[in-house]
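Below is input-v4.cif, holding mmCIF, C-alpha atoms.
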```
data_final
loop_
_atom_site.label_atom_id
_atom_site.label_comp_id
_atom_site.auth_asym_id
_atom_site.auth_seq_id
_atom_site.Cartn_x
_atom_site.Cartn_y
_atom_site.Cartn_z
CA MET A 1 -26.21 -19.00 9.28
CA PRO A 2 -27.49 -17.51 5.98
CA ARG A 3 -28.11 -13.77 5.95
CA GLN A 4 -31.69 -12.53 6.09
CA SER A 5 -32.92 -9.47 4.20
CA ILE A 6 -32.27 -6.21 6.01
CA HIS A 7 -35.23 -4.37 7.55
CA GLU A 8 -35.21 -0.92 9.06
CA LEU A 9 -35.44 -0.63 12.84
CA HIS A 10 -36.92 2.70 13.97
CA MET A 11 -35.29 4.17 17.06
CA PRO A 12 -36.68 7.69 17.61
CA ASN A 13 -34.62 10.10 19.69
CA VAL A 14 -31.71 7.68 20.15
CA CYS A 15 -28.48 9.34 21.19
CA SER A 16 -25.42 7.12 21.37
CA HIS A 17 -21.80 8.10 21.56
CA PHE A 18 -21.16 8.25 17.78
CA GLN A 19 -21.89 11.57 16.13
CA CYS A 20 -24.64 12.31 13.64
CA VAL A 21 -24.36 9.76 10.87
CA ALA A 22 -27.92 8.79 10.06
CA VAL A 23 -29.87 11.84 11.06
CA VAL A 24 -32.81 13.22 9.19
CA GLU A 25 -31.78 16.87 8.88
CA ASP A 26 -34.86 18.58 10.28
CA GLN A 27 -35.17 16.09 13.17
CA ALA A 28 -31.47 16.29 13.94
CA SER A 29 -31.65 19.96 14.83
CA GLN A 30 -34.41 19.21 17.34
CA ALA A 31 -32.46 16.29 18.80
CA LYS A 32 -29.45 18.50 19.39
CA ASP A 33 -31.58 20.69 21.65
CA LYS A 34 -32.56 17.68 23.74
CA CYS A 35 -29.29 15.86 24.18
CA HIS A 36 -25.61 15.93 23.37
CA LEU A 37 -24.73 14.24 20.05
CA ASN A 38 -21.47 12.34 20.11
CA HIS A 39 -19.73 10.53 17.21
CA PHE A 40 -22.56 8.33 15.89
CA SER A 41 -26.06 9.52 16.94
CA SER A 42 -29.01 8.30 14.90
CA LEU A 43 -32.76 8.75 14.73
CA VAL A 44 -33.48 6.17 12.05
CA LEU A 45 -30.88 3.46 11.59
CA ALA A 46 -30.86 -0.29 11.13
CA ILE A 47 -27.82 -2.51 11.29
CA THR A 48 -27.92 -6.24 10.90
CA LEU A 49 -25.66 -9.19 11.58
CA CYS A 50 -26.97 -12.42 10.01
CA SER A 51 -30.60 -12.45 11.19
CA LEU A 52 -29.98 -10.26 14.24
CA HIS A 53 -30.89 -6.57 14.22
CA VAL A 54 -28.52 -4.48 16.29
CA LYS A 55 -29.45 -1.21 17.95
CA VAL A 56 -27.01 1.65 17.64
CA SER A 57 -27.04 1.88 21.42
CA ASP A 58 -25.47 -1.60 21.49
CA LEU A 59 -22.33 -0.04 20.02
CA GLU A 60 -21.93 2.22 23.04
CA GLY A 61 -18.49 1.87 24.60
CA LYS A 62 -17.04 0.02 21.61
CA ILE A 63 -14.34 0.93 19.12
CA VAL A 64 -16.16 1.08 15.79
CA GLY A 65 -14.71 1.03 12.31
CA LEU A 66 -16.78 2.46 9.46
CA LEU A 67 -15.82 0.59 6.27
CA PHE A 68 -16.63 2.46 3.07
CA ALA A 69 -16.26 0.02 0.17
CA ALA A 70 -17.91 -1.59 -2.85
CA ASN A 71 -17.81 -4.99 -4.49
CA TRP A 72 -17.04 -3.61 -7.97
CA TYR A 73 -13.64 -2.16 -6.96
CA PRO A 74 -10.79 -4.74 -6.76
CA PRO A 75 -8.78 -2.86 -4.06
CA CYS A 76 -11.89 -3.01 -1.84
CA ARG A 77 -12.17 -6.75 -2.28
CA ALA A 78 -8.49 -7.23 -1.51
CA PHE A 79 -8.66 -5.07 1.60
CA THR A 80 -11.88 -6.68 2.83
CA GLN A 81 -10.28 -10.11 2.66
CA LEU A 82 -7.43 -8.89 4.85
CA LEU A 83 -9.76 -7.08 7.24
CA VAL A 84 -11.94 -10.17 7.76
CA GLY A 85 -8.99 -12.08 9.20
CA ILE A 86 -8.04 -9.24 11.55
CA TYR A 87 -11.66 -8.72 12.63
CA GLU A 88 -12.22 -12.39 13.45
CA GLU A 89 -8.96 -12.58 15.40
CA LEU A 90 -9.84 -9.46 17.39
CA LYS A 91 -13.45 -10.44 18.07
CA SER A 92 -12.35 -13.74 19.57
CA SER A 93 -10.64 -11.83 22.39
CA VAL A 94 -11.89 -8.23 22.20
CA PRO A 95 -15.71 -7.94 22.19
CA GLN A 96 -15.44 -4.14 22.44
CA PHE A 97 -14.61 -3.90 18.72
CA GLU A 98 -17.03 -3.69 15.81
CA ILE A 99 -17.11 -2.77 12.12
CA VAL A 100 -20.03 -1.30 10.17
CA TYR A 101 -20.08 -1.63 6.39
CA VAL A 102 -21.17 1.48 4.45
CA SER A 103 -21.87 0.27 0.94
CA SER A 104 -21.27 1.92 -2.42
CA ASP A 105 -22.48 -1.16 -4.26
CA GLU A 106 -24.43 -0.68 -7.49
CA ASP A 107 -27.53 -2.70 -6.58
CA LEU A 108 -28.98 -4.93 -3.88
CA ASP A 109 -27.76 -8.15 -5.48
CA ALA A 110 -24.20 -6.82 -5.57
CA PHE A 111 -24.51 -5.68 -1.95
CA ASN A 112 -25.82 -9.07 -0.80
CA SER A 113 -23.13 -10.95 -2.72
CA TYR A 114 -20.36 -8.83 -1.21
CA TYR A 115 -21.79 -8.57 2.29
CA GLU A 116 -22.34 -12.31 2.69
CA ASN A 117 -18.54 -12.64 3.00
CA MET A 118 -18.38 -10.09 5.82
CA PRO A 119 -18.74 -11.12 9.48
CA TRP A 120 -19.60 -7.62 10.73
CA LEU A 121 -22.54 -5.21 10.66
CA ALA A 122 -23.88 -3.10 7.79
CA ILE A 123 -26.02 -0.10 7.00
CA PRO A 124 -29.03 -1.37 5.01
CA PHE A 125 -28.48 -1.02 1.27
CA SER A 126 -31.76 0.88 0.95
CA ASP A 127 -30.80 3.48 3.57
CA LEU A 128 -29.32 6.05 1.19
CA GLU A 129 -29.74 8.97 3.60
CA THR A 130 -27.57 7.36 6.27
CA LYS A 131 -24.87 6.43 3.75
CA LYS A 132 -24.84 9.93 2.28
CA ALA A 133 -24.67 11.47 5.76
CA LEU A 134 -21.71 9.26 6.68
CA ASN A 135 -19.85 10.12 3.49
CA ARG A 136 -20.43 13.83 4.10
CA LYS A 137 -19.56 13.62 7.79
CA TYR A 138 -16.20 11.99 7.19
CA ASP A 139 -15.50 13.60 3.81
CA VAL A 140 -14.87 10.24 2.14
CA GLU A 141 -13.07 10.87 -1.15
CA GLY A 142 -12.12 7.33 -2.16
CA ILE A 143 -12.61 3.66 -1.32
CA PRO A 144 -11.70 1.53 0.47
CA CYS A 145 -11.81 3.87 3.46
CA LEU A 146 -11.85 2.80 7.11
CA ILE A 147 -12.75 5.40 9.75
CA MET A 148 -11.95 4.40 13.35
CA LEU A 149 -14.17 5.87 16.08
CA GLN A 150 -13.20 5.71 19.74
CA PRO A 151 -15.63 5.20 22.69
CA SER A 152 -17.26 8.29 24.14
CA GLU A 153 -15.23 8.23 27.33
CA GLU A 154 -12.09 8.50 25.24
CA SER A 155 -13.65 11.12 22.99
CA ASN A 156 -14.43 13.31 26.01
CA LYS A 157 -10.70 13.58 26.71
CA ASP A 158 -9.85 14.63 23.19
CA GLU A 159 -12.38 15.71 20.58
CA ASP A 160 -9.99 14.74 17.80
CA THR A 161 -9.67 11.01 18.49
CA THR A 162 -11.08 9.79 15.17
CA LEU A 163 -8.56 8.07 12.90
CA ARG A 164 -9.32 8.45 9.20
CA ASP A 165 -6.48 6.36 7.76
CA GLY A 166 -7.64 2.94 8.95
CA VAL A 167 -6.84 1.27 5.63
CA GLU A 168 -3.22 2.38 5.83
CA LEU A 169 -3.03 1.31 9.49
CA ILE A 170 -4.35 -2.16 8.72
CA TYR A 171 -2.00 -2.65 5.79
CA ARG A 172 0.97 -1.32 7.71
CA TYR A 173 0.46 -2.71 11.22
CA GLY A 174 -2.27 -5.32 10.98
CA ILE A 175 -3.73 -6.42 14.31
CA GLN A 176 -0.93 -4.58 16.12
CA ALA A 177 -2.77 -1.31 15.38
CA TYR A 178 -5.53 -2.16 17.90
CA PRO A 179 -7.07 -0.21 19.64
CA PHE A 180 -6.59 2.16 16.70
CA SER A 181 -6.00 5.18 18.90
CA LYS A 182 -3.64 8.03 18.18
CA GLU A 183 -1.61 7.04 21.24
CA LYS A 184 -1.20 3.51 19.88
CA LEU A 185 -0.28 4.86 16.46
CA GLU A 186 2.44 7.02 17.98
CA GLN A 187 3.79 4.02 19.92
CA LEU A 188 4.01 2.01 16.69
CA ARG A 189 5.72 4.85 14.86
CA GLU A 190 8.22 5.25 17.70
CA ALA A 191 8.95 1.52 17.57
CA GLU A 192 9.52 1.83 13.82
CA ARG A 193 11.90 4.74 14.30
CA GLU A 194 13.82 2.74 16.88
CA LYS A 195 13.95 -0.27 14.58
CA ARG A 196 15.24 1.86 11.70
CA ASP A 197 17.90 3.38 13.93
CA ASN A 198 19.02 -0.09 15.01
CA GLN A 199 18.52 -1.73 11.62
CA THR A 200 21.02 -4.38 10.53
CA LEU A 201 20.87 -6.97 7.78
CA ALA A 202 20.73 -9.70 10.41
CA ASN A 203 17.67 -8.34 12.20
CA LEU A 204 15.97 -7.73 8.85
CA LEU A 205 16.46 -11.20 7.37
CA THR A 206 16.75 -13.60 10.31
CA ASN A 207 14.64 -14.74 13.23
CA ARG A 208 15.15 -17.15 16.09
CA HIS A 209 14.22 -20.11 13.87
CA ARG A 210 16.23 -19.20 10.75
CA ASP A 211 19.61 -17.56 10.16
CA TYR A 212 19.88 -18.25 6.42
CA VAL A 213 18.35 -17.44 3.03
CA LEU A 214 17.91 -19.78 0.09
CA GLY A 215 20.41 -20.11 -2.75
CA GLN A 216 19.69 -21.49 -6.19
CA ALA A 217 21.99 -24.52 -6.14
CA GLY A 218 19.52 -27.11 -4.90
CA LEU A 219 17.92 -24.38 -2.75
CA LYS A 220 20.95 -24.50 -0.49
CA GLN A 221 21.03 -22.53 2.74
CA VAL A 222 23.18 -19.39 2.56
CA PRO A 223 24.01 -17.82 5.97
CA VAL A 224 22.74 -14.25 6.28
CA ALA A 225 26.05 -13.52 8.03
CA SER A 226 27.77 -14.00 4.67
CA LEU A 227 25.85 -11.01 3.28
CA VAL A 228 26.92 -8.59 6.00
CA GLY A 229 29.06 -5.81 4.52
CA LYS A 230 27.47 -6.08 1.07
CA THR A 231 24.97 -3.91 -0.75
CA VAL A 232 21.79 -5.99 -0.77
CA GLY A 233 18.62 -5.50 -2.77
CA LEU A 234 15.41 -6.77 -1.21
CA TYR A 235 13.18 -7.61 -4.16
CA PHE A 236 9.46 -7.70 -3.29
CA SER A 237 7.80 -9.54 -6.14
CA ALA A 238 5.46 -12.36 -7.21
CA GLY A 239 4.90 -14.53 -10.25
CA TRP A 240 1.21 -13.54 -10.52
CA CYS A 241 2.10 -9.84 -10.80
CA VAL A 242 2.23 -8.63 -14.42
CA PRO A 243 4.52 -5.62 -13.74
CA CYS A 244 6.84 -7.98 -11.83
CA MET A 245 7.03 -10.36 -14.77
CA LYS A 246 8.01 -7.42 -16.96
CA PHE A 247 10.58 -5.94 -14.56
CA THR A 248 12.25 -9.18 -13.42
CA PRO A 249 14.07 -9.94 -16.73
CA LYS A 250 15.42 -6.39 -16.74
CA LEU A 251 16.60 -6.76 -13.14
CA ILE A 252 18.25 -10.09 -13.94
CA SER A 253 20.19 -8.46 -16.78
CA VAL A 254 21.29 -5.54 -14.58
CA TYR A 255 22.17 -7.89 -11.71
CA GLN A 256 24.39 -10.02 -13.93
CA LYS A 257 26.15 -6.98 -15.37
CA ILE A 258 26.84 -5.56 -11.91
CA LYS A 259 28.11 -8.93 -10.67
CA HIS A 260 30.33 -9.27 -13.74
CA GLU A 261 31.83 -5.80 -13.29
CA LEU A 262 32.48 -6.46 -9.60
CA ALA A 263 34.02 -9.87 -10.37
CA GLU A 264 36.49 -8.23 -12.73
CA LYS A 265 37.57 -6.09 -9.79
CA GLY A 266 37.81 -9.12 -7.53
CA GLU A 267 34.81 -7.98 -5.49
CA GLU A 268 31.57 -9.66 -4.42
CA ASP A 269 29.78 -6.77 -2.84
CA PHE A 270 26.27 -6.99 -4.31
CA GLU A 271 23.40 -9.42 -3.83
CA ILE A 272 19.61 -9.56 -4.22
CA VAL A 273 17.16 -11.45 -2.00
CA LEU A 274 13.67 -12.28 -3.30
CA ILE A 275 10.87 -11.43 -0.86
CA SER A 276 8.05 -13.38 -2.46
CA SER A 277 4.31 -12.72 -2.39
CA ASP A 278 3.50 -15.86 -4.35
CA ARG A 279 0.34 -17.65 -3.26
CA ASP A 280 1.62 -21.21 -2.99
CA GLN A 281 4.87 -23.17 -2.87
CA ALA A 282 4.61 -24.37 -6.49
CA SER A 283 4.19 -20.82 -7.79
CA PHE A 284 7.14 -19.67 -5.69
CA ASP A 285 9.32 -22.54 -6.94
CA SER A 286 8.43 -21.84 -10.56
CA TYR A 287 9.04 -18.09 -10.31
CA TYR A 288 12.21 -18.33 -8.25
CA SER A 289 13.70 -20.89 -10.63
CA THR A 290 14.06 -18.09 -13.22
CA MET A 291 16.24 -15.99 -10.91
CA PRO A 292 20.00 -16.07 -10.23
CA TRP A 293 19.90 -14.59 -6.71
CA LEU A 294 18.86 -15.55 -3.17
CA ALA A 295 15.42 -15.73 -1.54
CA LEU A 296 13.58 -15.92 1.74
CA PRO A 297 11.74 -19.26 2.07
CA PHE A 298 8.16 -19.25 0.82
CA GLY A 299 5.69 -18.17 3.50
CA ASP A 300 8.39 -17.02 5.92
CA PRO A 301 6.92 -14.78 8.66
CA GLU A 302 9.59 -12.14 8.02
CA ILE A 303 8.04 -11.43 4.61
CA LYS A 304 5.11 -9.53 6.15
CA ASN A 305 7.39 -7.87 8.68
CA LEU A 306 9.68 -6.62 5.91
CA ALA A 307 6.78 -5.33 3.82
CA ARG A 308 5.51 -3.48 6.87
CA HIS A 309 8.94 -2.21 7.87
CA PHE A 310 9.63 -0.72 4.44
CA ASP A 311 6.00 0.34 3.90
CA VAL A 312 5.76 -1.57 0.63
CA GLN A 313 2.57 -0.35 -1.03
CA GLY A 314 2.89 -2.32 -4.26
CA ILE A 315 5.10 -4.70 -6.21
CA PRO A 316 7.56 -4.92 -7.80
CA CYS A 317 9.57 -3.00 -5.23
CA LEU A 318 13.35 -3.03 -4.81
CA VAL A 319 14.72 -1.79 -1.47
CA ILE A 320 18.48 -1.25 -1.32
CA VAL A 321 20.28 -1.88 1.98
CA GLY A 322 23.85 -0.64 2.28
CA PRO A 323 26.95 -2.42 3.63
CA ASN A 324 26.25 -0.95 7.09
CA GLY A 325 22.77 -2.51 7.18
CA LYS A 326 20.98 0.83 6.78
CA THR A 327 18.48 1.60 4.02
CA ILE A 328 19.97 3.44 1.05
CA THR A 329 16.75 3.79 -0.93
CA ALA A 330 13.33 2.22 -1.31
CA HIS A 331 13.29 3.31 -4.96
CA GLY A 332 15.70 0.79 -6.42
CA ARG A 333 13.25 -0.14 -9.16
CA ASN A 334 13.11 3.45 -10.39
CA LEU A 335 16.89 3.72 -10.37
CA ILE A 336 17.25 0.49 -12.34
CA ASN A 337 14.75 1.76 -14.92
CA LEU A 338 16.54 5.09 -15.20
CA TYR A 339 20.21 4.12 -15.06
CA GLN A 340 20.39 0.30 -15.39
CA GLU A 341 23.66 -1.11 -14.00
CA ASN A 342 25.11 2.39 -13.68
CA ALA A 343 22.82 2.92 -10.68
CA TYR A 344 25.04 0.73 -8.48
CA PRO A 345 25.74 1.28 -5.57
CA PHE A 346 22.47 3.29 -5.54
CA THR A 347 23.78 5.97 -3.17
CA ASN A 348 22.79 9.63 -3.29
CA ALA A 349 26.32 10.45 -4.46
CA GLN A 350 26.02 8.02 -7.36
CA VAL A 351 22.60 9.35 -8.37
CA GLU A 352 23.86 12.94 -8.24
CA GLN A 353 26.79 11.98 -10.45
CA LEU A 354 24.48 10.33 -12.98
CA GLU A 355 22.19 13.34 -13.00
CA LYS A 356 25.13 15.67 -13.66
CA LYS A 357 26.19 13.42 -16.52
CA LEU A 358 22.72 13.68 -18.02
CA GLU A 359 22.87 17.45 -17.69
CA GLU A 360 26.14 17.54 -19.62
CA GLU A 361 24.83 15.24 -22.33
CA ALA A 362 21.68 17.35 -22.67
CA LYS A 363 23.75 20.37 -23.71
CA ASP A 364 24.41 18.72 -27.06
CA LEU A 365 20.81 17.63 -27.66
CA PRO A 366 18.63 19.52 -30.18
CA ARG A 367 15.89 21.61 -28.60
CA LEU A 368 13.23 20.49 -31.09
CA VAL A 369 12.94 17.13 -32.87
CA TYR A 370 10.54 15.10 -34.95
CA HIS A 371 9.98 11.52 -33.84
CA GLU A 372 8.70 8.91 -36.28
CA GLY A 373 6.33 7.49 -33.67
CA HIS A 374 4.42 10.77 -33.22
CA HIS A 375 2.78 13.36 -35.47
CA HIS A 376 3.83 16.51 -33.57
CA ASP A 377 7.23 18.08 -32.99
CA LEU A 378 8.78 17.25 -29.62
CA ASN A 379 10.41 19.80 -27.32
CA LEU A 380 13.35 19.07 -25.04
CA VAL A 381 12.23 19.58 -21.43
CA SER A 382 13.71 18.97 -18.00
CA ASP A 383 12.60 19.08 -14.37
CA GLY A 384 13.05 22.82 -14.32
CA ASN A 385 11.13 23.71 -17.48
CA GLY A 386 8.02 21.58 -17.79
CA GLY A 387 9.46 18.09 -17.39
CA GLY A 388 9.55 15.61 -14.53
CA PRO A 389 9.13 11.89 -13.91
CA PHE A 390 7.46 10.15 -16.85
CA ILE A 391 6.93 6.82 -18.60
CA CYS A 392 8.55 6.68 -22.03
CA CYS A 393 5.95 6.13 -24.75
CA VAL A 394 8.47 4.07 -26.76
CA CYS A 395 10.12 1.68 -24.29
CA ASP A 396 7.61 1.96 -21.39
CA GLU A 397 10.48 2.55 -18.96
CA GLN A 398 10.46 5.26 -16.35
CA GLY A 399 12.19 8.50 -17.16
CA SER A 400 13.28 11.55 -15.23
CA SER A 401 15.18 14.75 -15.80
CA TRP A 402 15.45 15.27 -19.59
CA ALA A 403 12.78 14.15 -22.06
CA TYR A 404 11.34 15.00 -25.45
CA GLN A 405 7.76 16.07 -24.89
CA CYS A 406 4.84 16.99 -27.11
CA LEU A 407 3.46 20.20 -25.64
CA GLN A 408 0.09 19.56 -27.30
CA CYS A 409 -0.74 16.08 -26.06
CA GLY A 410 1.87 15.10 -23.41
CA TYR A 411 3.63 12.39 -25.47
CA GLU A 412 7.07 11.86 -23.86
CA VAL A 413 10.11 9.80 -24.82
CA HIS A 414 13.66 9.32 -23.59
CA PRO A 415 16.24 11.20 -25.63
CA LYS A 416 17.87 7.81 -26.28
CA CYS A 417 14.62 6.55 -27.84
CA VAL A 418 14.33 9.36 -30.35
CA LYS A 419 15.19 8.32 -33.91
CA ASN A 420 15.38 10.27 -37.15
CA CYS A 421 15.68 13.50 -35.20
CA GLY A 422 15.84 16.82 -36.89
CA THR A 423 15.74 20.40 -35.66
#
```
Once you've parsed the file, please lay out its structure as structure tokens.
Amino acid sequence: MPRQSIHELHMPNVCSHFQCVAVVEDQASQAKDKCHLNHFSSLVLAITLCSLHVKVSDLEGKIVGLLFAANWYPPCRAFTQLLVGIYEELKSSVPQFEIVYVSSDEDLDAFNSYYENMPWLAIPFSDLETKKALNRKYDVEGIPCLIMLQPSEESNKDEDTTLRDGVELIYRYGIQAYPFSKEKLEQLREAEREKRDNQTLANLLTNRHRDYVLGQAGLKQVPVASLVGKTVGLYFSAGWCVPCMKFTPKLISVYQKIKHELAEKGEEDFEIVLISSDRDQASFDSYYSTMPWLALPFGDPEIKNLARHFDVQGIPCLVIVGPNGKTITAHGRNLINLYQENAYPFTNAQVEQLEKKLEEEAKDLPRLVYHEGHHHDLNLVSDGNGGGPFICCVCDEQGSSWAYQCLQCGYEVHPKCVKNCGT
């Protein structure tokens, strides 16, 4: 059914169980004297779904998500697409759930274009007072933002039942987060802690339908059991991702060097498994064909489980799992950028050793240099005296610990990238 234009529905002196979101300030103070205001009380509010106008009182007893978003911001569009699937799945079995869109769109045409893809309710675009009140009430500092409000009977037990990190919950737990209560969140976190404590390579990479990963030779099946006892990198990546396309060749080079060094010692203790986010089989096949390591099959259900388990917020991401099946680090990409093949086996002990080596090498570095790529002198800095993690302005690789930095404009380079240095 096509959406109709949104009209305001006047509901004087309505008090529902949601607190003070669309209240005209002078009338709100009078309303408070007459009745108790819970999470979402409103004097003038209109919400519409297709051609149906919905009274705020119709939301009584429901779990309501307030979605703050805008069509012009790509992360909002990506999150909305995910949320639509979860909403439709929930609504088919849980009528006590609803979402209300609070728009930050630039104009009515943009609002209509964005909202026509949403199956839930919305504050009218023209109702600026309600939208401002909601943003103030929940101190919204960025979008997308999803505020989860619990029914009044639950709120009476605990005044602090509102969840403000709905976006993170949806990305991390999906539909499992329902009913979006703090009790449910704690149950999920406890299950995660238990899973981490009992983590093995087998329960990470296999399920009841599959006990193998793919190998390059004709996409052969490689038993996950053959990886047990090795250091394994789980490489979350996709061919459509520009940073992935830049990092993958570097990772291939480091992978081959590590494998070569281990082979000279008669060891085969390192492997990488691609965890793909490609959008179709052809894209996966094309991207994976450039890689020398293993992979989960395209579209495998464990891909989402792994991303959730390791809280992967963006790609590329390289998680390192040790020979005992426990996580060594989720920052394998950073370690590769910083130390290349020397990062192996990625343990804290190895990183500490590399950092000490950098400290020793820094003793012989000049304190002040001139770099041909910049017009100011550069000062040698470290974590303890003005330095810290940075992106090298010469090679675009991540840096840490020691760097040459322009104190006037923040230009930073690796010591190894400095040429024609002079004190």
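Minimum distance to Leu205 in chain A across A:Leu380, A:Ile147, A:Cys409, A:Ala295 (counting all atoms listed in the file) occurs at A:Ala295.
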- [ ] Work out how far apart CA of Ile272 in chain A and CA of Leu82 in chain A are and give it in Å to one decimal.
- [x] 28.5 Å
With only C-alpha atoms as the counted atoms, please give the residues lying no more than 10 Å from range 227-231 of chain A, apart from itself and same-chain residues fewer than 5 positions off, as a PDB file with C-alpha atoms, in the coordinates of the input.
```pdb
ATOM      1  CA  THR A 200      21.020  -4.380  10.530  1.00  0.00           C
ATOM      2  CA  LEU A 201      20.870  -6.970   7.780  1.00  0.00           C
ATOM      3  CA  ALA A 202      20.730  -9.700  10.410  1.00  0.00           C
ATOM      4  CA  TYR A 212      19.880 -18.250   6.420  1.00  0.00           C
ATOM      5  CA  VAL A 213      18.350 -17.440   3.030  1.00  0.00           C
ATOM      6  CA  VAL A 222      23.180 -19.390   2.560  1.00  0.00           C
ATOM      7  CA  GLU A 268      31.570  -9.660  -4.420  1.00  0.00           C
ATOM      8  CA  ASP A 269      29.780  -6.770  -2.840  1.00  0.00           C
ATOM      9  CA  PHE A 270      26.270  -6.990  -4.310  1.00  0.00           C
ATOM     10  CA  GLU A 271      23.400  -9.420  -3.830  1.00  0.00           C
ATOM     11  CA  ILE A 272      19.610  -9.560  -4.220  1.00  0.00           C
ATOM     12  CA  ILE A 320      18.480  -1.250  -1.320  1.00  0.00           C
ATOM     13  CA  VAL A 321      20.280  -1.880   1.980  1.00  0.00           C
ATOM     14  CA  GLY A 322      23.850  -0.640   2.280  1.00  0.00           C
ATOM     15  CA  PRO A 323      26.950  -2.420   3.630  1.00  0.00           C
ATOM     16  CA  ASN A 324      26.250  -0.950   7.090  1.00  0.00           C
ATOM     17  CA  GLY A 325      22.770  -2.510   7.180  1.00  0.00           C
ATOM     18  CA  LYS A 326      20.980   0.830   6.780  1.00  0.00           C
ATOM     19  CA  THR A 327      18.480   1.600   4.020  1.00  0.00           C
ATOM     20  CA  ILE A 328      19.970   3.440   1.050  1.00  0.00           C
ATOM     21  CA  TYR A 344      25.040   0.730  -8.480  1.00  0.00           C
ATOM     22  CA  PRO A 345      25.740   1.280  -5.570  1.00  0.00           C
ATOM     23  CA  PHE A 346      22.470   3.290  -5.540  1.00  0.00           C
TER      24      PHE A 346
END
```
- [ ] Just say which residues the PyMOL selection byres ((chain A and resi 373) around 12) picks in this file, as JSON, numbers by chain.
- [x] {"A": [369, 370, 371, 372, 374, 375, 376, 377, 378, 392, 393, 394, 395, 406, 411, 412, 413, 417, 418, 419, 420, 421]}
Task: For CA of Phe284 in chain A and CA of Asn305 in chain A, the interatomic separation in Å (one decimal) - done: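 Calculated distance between CA of Phe284 in chain A and CA of Asn305 in chain A is 18.6 Å.
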TODO: Could you give me, as JSON, numbers by chain, the residues that have an atom at most 12 Å away from the point (-12.8, -7.5, 7.6) in the coordinates of the file, using all atoms listed in the file?
DONE: {"A": [65, 66, 67, 68, 69, 76, 77, 78, 79, 80, 81, 82, 83, 84, 85, 86, 87, 88, 89, 90, 91, 97, 98, 99, 100, 101, 114, 115, 116, 117, 118, 119, 120, 121, 122, 144, 146, 166, 167, 170, 171, 174, 175]}
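Proximity of A:Ser226, A:Ile143, A:Leu188, A:Leu296 to Asn207 in chain A, computed with only C-alpha atoms, is greatest for A:Leu296.
Separating CA of Asp280 in chain A from CA of Pro301 in chain A is a distance of 14.3 Å.
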TODO: For Gln353 in chain A, work out the shell of residues within 10 Å, counting all atoms listed in the file and skipping chain neighbours fewer than 6 positions away, then give it as a ChimeraX atom specification.
DONE: /A:343,347,359
TODO: Check the smallest atom-to-atom distance from each of A:Thr248, A:Asn203, A:Ser276, A:Thr162 to Ile336 in chain A using only C-alpha atoms, then report the winner.
DONE: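 Closest to Ile336 in chain A of all the choices is A:Thr248.
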- [ ] Compare A:Leu163, A:Met291, A:Ile123, A:Lys137 by their minimum atom-to-atom distance to Lys55 in chain A, counting all atoms listed in the file, and give me the closest one.
- [x]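 Answer, going by the shortest atom-to-atom distance: A:Ile123.
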TODO: May I have the protein, DNA and RNA residues with an atom at most 12 Å from (4.2, -9.5, 4.9), counting all atoms listed in the file in the file's coordinates, returned as a ChimeraX atom specification?
DONE: /A:82,170-174,236-237,275-278,296,298-314
- [ ] Could you tell me which of A:Ser93, A:Asn135, A:Ser289, A:Ser181 comes closest to Ile63 in chain A if we count all atoms listed in the file?
- [x]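 Closest to Ile63 in chain A of all the choices is A:Ser181.
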Task: Nearest residue to Val319 in chain A from the set A:Ala191, A:Ala263, A:Leu274, A:Val254 (distances using all atoms listed in the file) - done: A:Leu274
